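Working notes for the structure below.
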Number of protein chains: 2
Amino acid sequence: MEHQSGDLVIIGGGEDRRGKCEVLGHFVALAGGARARVAVLAAASEDGGEVGRSYERVFRRLGAADVMVLRLEHRADAEDEGLCSSLASATAAFFTGGDQLRITATLGGTRLLDALYALHRNGGVLAGTSAGASIMSATMIVGGQGDEPARRAVLSMCPGLGLLPGTVIDQHFAQRGRLNRLLAAISQNPGILGVGIDEDTAVVVHEDTLSVIGSGTVTFLDGRPLTFSNASESGQEDPLALLGVVAHVLPAGYRFDLAGRRPLLPHSQDAASARLEPRPN
Amino acid sequence: MEHQSGDLVIIGGGEDRRGKCEVLGHFVALAGGARARVAVLAAASEDGGEVGRSYERVFRRLGAADVMVLRLEHRADAEDEGLCSSLASATAAFFTGGDQLRITATLGGTRLLDALYALHRNGGVLAGTSAGASIMSATMIVGGQGDEPARRAVLSMCPGLGLLPGTVIDQHFAQRGRLNRLLAAISQNPGILGVGIDEDTAVVVHEDTLSVIGSGTVTFLDGRPLTFSNASESGQEDPLALLGVVAHVLPAGYRFDLAGRRPLLPHSQDAASARLEPRPN
């Protein structure tokens with residue numbers, strides 16, 4: 001069997017860090033549990049050190065063998081030989097939240113990012129929350145108002161880290177009313193799958209299967225069935241027209257087949273799968 | 001030809017009342033323009049008199065021949081013979097915003113509501129904004145947090161006025177991030193069409209055709225293609241699962257065919273209608 005890339009854990013922000021820590025506990029278990037060696041990449045915020053240490057405490061409490069916080073304030077930090085080799089010894093890496101543009105602007109094209117890709121190729125688990133979730137897609141959402149009608153101006157995008165190709169990821173999805181900015185994203189290329197992750201909720205990516213964990217839901221917006229949009233001819237401030245987007249809203253236990261673009265019921269309900277077939281018209 | 005019921009103008013709240021007043025101007029024109037006699041039904045808020053007078057000024061400025069403000073604070077007001085006969089002389093009625101429950105609780109089962117239905121049956125135009133929009137559906141959304149994952153507890157509903165059957169209407173849709181509460185509504189009966197109207201945006205209902213006007217978009221959520229939901233077995237606080245909801249996001253100029261449940265392109269783009277056909281799989 002081919003060597004497999006590691007799993008991804010993509011968290012919509014606001015995950016429980018004090019109680020049962022369902023989402024972060026799942027990450028530590030995937031990272032190896034008592035054998036987990038987690039690198040915390042605190043690149044997204046100015047107070048990265050403090051944020052990093054708070055995750056360090058949580059991951060230790062959840063049983064990780066070792067946790068190292070990599071402070072990444074400047075691009076020079078991401079060229080540091082020592083940091084790169086400590087990443088090579090990790091079983092998992094975790095991106096904290098803040099501003100996704102800080103992450104890509106600091107790490108893009110650096111040795112540390114190469115080391116991160118190598119870790120992933122070799123089976124290491126990569127996780128990120130909030131800004132650390134957005135960076136997982138090939139093209140990422142940088143910003144944009146969530147509480148406006150869908151229009152191109154509500155959205156700015158840039159190249160992400162490309163760990164989950166074919167998607168655009170948004171976080172704090174229900175809590176910040178971000179349907180329209182995710183719709184604006186997929187209107188510009190309906191081949192892309194929109195993945196809107198609520199707070200305290202995550203998508204776990206194992207090969208082509210995305211599993212939902214946590215207390216909220218993940219909204220998958222499939223633009224491929226789109227019959228018409230005005231995305232190319234409309235101006236920045238014009239409201240968008242989008243006809244025929246298909247949405248799947250999935251809570252914990254449900255999965256999504258990325259290759260087949262179809263939602264999957266929890267294993268216990270497989271008998272009900274027949275109902276997943278489209279109805280005859 | 002059969003006598004036709006009048007049009008409906010269902011406004012998502014926050015409509016322009018100072019500038020071009022596109023939405024309200026459209027309403028006054030439908031109501032007869034210089035022959036319009038508009039009854040303002042200020043039933044949704046405690047300061048209904050003040051709200052009503054402010055709409056009176058706008059409608060007069062927009063050229064209505066006559067505007068009367070009906071203050072409806074108590075159920076007894078809605079039994080008043082004088083108010084009922086003044087409604088009979090109107091060409092249109094307009095529900096102001098506030099709390100939709102005040103409208104239905106005050107008007108439900110009264111003579112004034114009978115007079116309102118009669119006005120509509122006889123071709124009178126009925127309009128409402130915000131709370132005044134919600135009441136148009138047969139079952140209406142009373143309240144519920146918009147910024148939470150879709151779950152039954154985010155939503156409370158009650159019988160509305162039933163002027164636009166087969167739908168559930170939500171307003172301030174983009175501005176208050178209300179996707180999830182509208183999804184929760186249609187999950188409980190996917191035969192219902194969810195209609196989420198942005199601020200300064202309206203749906204104009206003429207027979208079976210809904211036309212979008214204003215500066216934002218209207219999101220139509222069609223639950224009929226739904227292949228599976230956990231709505232019946234899930235608890236009030238459980239996140240909902242909804243697989244296969246179809247969404248259409250339509251700006252001004254687009255229409256929706258209620259009977260056929262399909263979006264329609266602007267007339268100028270009818271040549272593009274071919275593209276509306278579902279793609280072969």
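The way I read the labels, and the way they are meant: chains A, B, ... in the order of the structure tokens, residue 1 as the first residue of every chain, and ligand 1 as the first ligand shown, with later ones counted on from there.
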>> If you run DSSP on the backbone here, which positions in stretch 108-227 of chain A get helix (DSSP H, G or I)? Please write them as a PyMOL selection string.
In response: chain A and resi 111-121+131-134+152-154+179-188
Show me a table, sorted first by chain and then by increasing residue number, of the residues of stretch 156-222 of chain A having an atom at most 7 Å from stretch 254-266 of chain A, each with its shortest atom pair and the distance in Å to one decimal, counting only C-alpha atoms and written as a tab-separated table.
residue	atom	partner	partner_atom	distance
A:Asp208	CA	A:Leu258	CA	5.3
A:Thr209	CA	A:Asp257	CA	4.9
A:Leu210	CA	A:Phe256	CA	5.0
A:Ser211	CA	A:Arg255	CA	4.3
A:Val212	CA	A:Tyr254	CA	5.8
>> Counting only C-alpha atoms, which residue out of A:Gly235, A:Gly144, A:Gly52, A:Gly162 sits closest to A:His120?
In response: A:Gly162
>> Taking only C-alpha atoms into account and nothing else, which residues of chain A lie no more than 9 Å away from chain B? Please answer as a PyMOL selection string.
In response: chain A and resi 146-151+173-180+183+198-199+215-218+225-228+238-252+254+262-265+272-273+275-279
> Any idea what's packed within 12 Å of A:Ser85, counting only C-alpha atoms, ignoring anything in its chain fewer than 6 positions away? Could you give it as a list of chain:residue names?
Replying inline: A:Ala39, A:Leu70, A:Ala78, A:Glu79, A:Arg111, A:Leu112, A:Leu113, A:Asp114, A:Ala115, A:Leu116, A:Ala118, A:Leu119
